[in-house]
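Enquirer: I am attaching a structure below and will ask some questions about it afterwards.
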Amino acid sequence: MGTRINLRQMHLRFSQDIKSLLQRLAQQPLTLGDILAETSERGFCLVITLLILPFLFPMPPGLTGPFGAACLLLSAQMVLGRREPWLPKRIANYKFPRPFAQLLLQNLGRLTKVLQKIARPRLAKIAHNPLIWRINGFCISLLTILLILPIPLTNPIPTVGILLLTVATIESDGLLICISYGITVLITLFFGFIGYAVWLAPSLLPSIFK
């Protein structure tokens, strides 16, 4: 029974970390730098998760650029193999507004119920491979670029891919990491199809309206 409880606690590591941070955000201003200082290596994925989580829901205008830039900067450091995250002072000193934190808290419960069912420590050799850390960073960077593209109503699509990768990394879930790679490919193809359709549109419109 004790082993089962311990495993359950491990499975809840992501949701406990995020919930604890968001509860603190609801009580007092907390900067991204504070979160990175407290979480060290795991701060990469925790901060990325906090930054992209709002894109699953209606977002206030003007946040896509700054939040996306911070995600891109952190994921690029993962690609380079860094284990200690760094942000410029201007970004590190950003404080989450209290109403914004409360909005995150309201939506967190439903999300963590799903994540608890799909994420757990598996395939440790894959999850802890230094090369996988870099590949995860590359995939997150790619999905972040797709996220910040000015395409209406598409924000949740790359957000799901990023979220799966960050959760899989935090939970050391090698299987979910592999699944996330497949989802990243599908999302990239989807956006490629949109881009191709936009490129063809000028030549197709005249024939449609004949």
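Letters A, B, ... go to the chains of the structure tokens in the order shown; residues in each chain start at 1; ligands are counted from 1 in the same order.
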Which residues of region 160-187 of chain A come within 10 Å of region 47-52 of chain A, and what is each one's closest atom pair and distance in Å (one decimal), counting only C-alpha atoms, sorted by chain and residue number, as CSV?
Expert:
residue,atom,partner,partner_atom,distance
A:Val160,CA,A:Ile52,CA,9.0
A:Ile162,CA,A:Ile52,CA,7.8
A:Leu163,CA,A:Thr49,CA,6.2
A:Leu164,CA,A:Thr49,CA,9.4
A:Leu165,CA,A:Thr49,CA,9.5
A:Thr166,CA,A:Thr49,CA,6.6
A:Val167,CA,A:Thr49,CA,8.1
Enquirer: For Ala69 (chain A), which of A:Ile179, A:Ala119, A:Leu146, A:Val114 is the closest residue, counting only C-alpha atoms?
Expert: A:Leu146
Enquirer: Could you check which of A:Pro97, A:Pro54, A:Pro152, A:Pro66 is closest to Leu111 (chain A), using only C-alpha atoms?
Expert: A:Pro54
Enquirer: Counting only C-alpha atoms, what is within 8 Å of region 125-127 of chain A, bar same-chain residues fewer than 4 positions away, as a list in words?
Expert: Ile132, Trp133, Thr169, Ser172, Asp173, Gly174 and Ile177 of chain A
Enquirer: Those selected residues, please, written with C-alpha atoms and delivered as a compact mmCIF listing (two decimals), in the first residue's frame.
Expert:
# COMPACT_ATOMS: atom_id res chain seq x y z
CA ILE A 132 15.86 13.79 -25.48
CA TRP A 133 16.10 16.96 -23.36
CA THR A 169 9.41 15.94 -19.10
CA SER A 172 9.84 11.53 -16.63
CA ASP A 173 7.31 9.84 -18.90
CA GLY A 174 9.28 8.48 -21.87
CA ILE A 177 7.39 12.05 -24.78
Enquirer: Would you work out the distance separating CA of Leu21 (chain A) from CA of Leu36 (chain A), expressed in Å to one decimal?
Expert: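 Atom-to-atom, CA of Leu21 (chain A) and CA of Leu36 (chain A) are spaced 11.2 Å apart.
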Enquirer: What is the CA of Pro88 (chain A) to CA of Leu30 (chain A) distance in Å?
Expert: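 These atoms are spaced 16.0 Å apart.
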Enquirer: What does the distance from CA of Ala92 (chain A) to CA of Leu32 (chain A) come to in Å, to one decimal?
Expert: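 We find that CA of Ala92 (chain A) and CA of Leu32 (chain A) lie 4.9 Å from each other.
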Enquirer: Among region 58-152 of chain A, which ones does DSSP assign to helix (DSSP H, G or I) (computed from the backbone)? Answer as a ChimeraX atom specification.
Expert: /A:64-79,89-92,98-118,124-127,130-148
Enquirer: Pick the closest to Pro130 (chain A) from A:Gly161, A:Leu143, A:Pro99, A:Arg83: which is it, counting only C-alpha atoms?
Expert: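 Nearest candidate to Pro130 (chain A) out of A:Gly161, A:Leu143, A:Pro99, A:Arg83: A:Arg83.
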Enquirer: Restricting the calculation to only C-alpha atoms: of A:Phe44, A:Phe193, A:Phe67, A:Tyr94, which residue gets closest to Ile148 (chain A)?
Expert: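 The shortest atom-to-atom distance to Ile148 (chain A) comes from A:Phe67.
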Enquirer: When you count only C-alpha atoms, which of these residues is closest to Leu175 (chain A): A:Leu87, A:Ile118, A:Gln23, A:Asp34?
Expert: A:Ile118
